[in-house]
Structures are given as C-alpha cells and as structure tokens.
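Heads up, the thing below is written out as structure tokens.
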Amino acid sequence: MRQELETKRLQCEVVLPAEASRKGAELLSIGAAAQQREQGIAAAETTRAMSQALATAGPDAREMFVLSQLDSLVAQVAQKVQGITVEQVQVIDPGDGKALPALAGSFPAIVSSVFASLKDLTGVDVQSMLTPPGPSSAGGVR
C-alpha cells in the first residue's frame, strides 16, 4: 500500500507536471513554427504578386518599381546629407546682380544631382519621368 501511495505521489508531484510542461513547450513551439510558416507564405505571395505585376507592366516595369520606391530612395539620400549644415553663405556680386540668382539656382541643381545619382545607381531616369512631355513629344505621360 505504501509503495502504491508513493507511486501515486510521484505521479502527481513529478510526472504529471513534467508532462504538462513538455506538452506546453510542444504547443508553444508548434505555434511559433506556424507563425514563421505563415510569414514565409505571405512573403512568398508578396514576391509572386510583385513578379506578376512587373511582368504585366512590360518594358516600363523597372521605372514603375523605382517610382513606387521613390519615397524610400529619397529618404535614404536625405539621411546621407542630413548632417550637413551651412551656417553662413557670403555672396560676392561683381555688380551685375547675377551672384544671388546663381546661389538660388543651385538648390534645384542639388535636386537634379540627386536624380542623376539615382539614375547612376538604378539605371532609371527619374528626372525625365517627372518632366512633362514637350510639344515635340508624342504626348502622354511616360
């Protein structure tokens, strides 16, 4: 009877809690694996959808993709130049009044330079894509 009682006590105090702990850990790992699996499936579906969209878009797909990522690209460029500060600029004009307009004109030139860098990096000419067609073009937005 003591042996049976001791067996039941060990069963209650050691075996059952260990089995419950093992089962809990197993269920947690199944849940974690399911989450990772679903994230992988979602990433694969996103990649497939993007691939289909780019294939459907035809020859302009690359440019469309870069334009869709333009915010991110510009943010990265802006982050690189964020630490640059100009405390003071001295403009010396020889008397013809062209120095100040030249300084003001340098700001759009900076944007143009950023677009040129994007063209060098990606092969996509963002500046020409944002330029409206002239009277000599066939019309439409590129």
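Residue numbering restarts at 1 in every chain; chains get A, B, ... in the order shown in the structure tokens, and ligands count up from 1 in that same order.
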Looking only at the backbone, which of the residues in chain A does DSSP tag as alpha helix (DSSP H), as a ChimeraX atom specification? /A:2-10,16-57,61-68,70-81,99-122,126-130
Need the shell around A:Gly123: protein/DNA/RNA residues with any atom at most 12 Å away, counting only C-alpha atoms. Skip same-chain ones fewer than 5 positions apart. Format as JSON, numbers by chain? {"A": [62, 63, 65, 66, 115, 116, 117, 118]}
Would you please work out which residue, of A:Leu54, A:Val114, A:Glu26, A:Ala34, is nearest to A:Val74 when using only C-alpha atoms?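 Answer, going by the shortest atom-to-atom distance: A:Val114.
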Between atom CA of A:Leu27 and atom CA of A:Cys12, what is the spacing in Å?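 Taking atom CA of A:Cys12 and atom CA of A:Leu27, their separation equals 21.6 Å.
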Shortest contact to A:Leu73, candidates A:Lys98, A:Arg37, A:Lys119, A:Arg22, atoms counted only C-alpha atoms, goes to A:Lys119
Could you tell me how far atom CA of A:Leu28 sits from atom CA of A:Ala43, in Å to one decimal place?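 Distance reported for this atom pair: 22.6 Å.
You will find atom CA of A:Ala55 at 19.8 Å from atom CA of A:Ala42.
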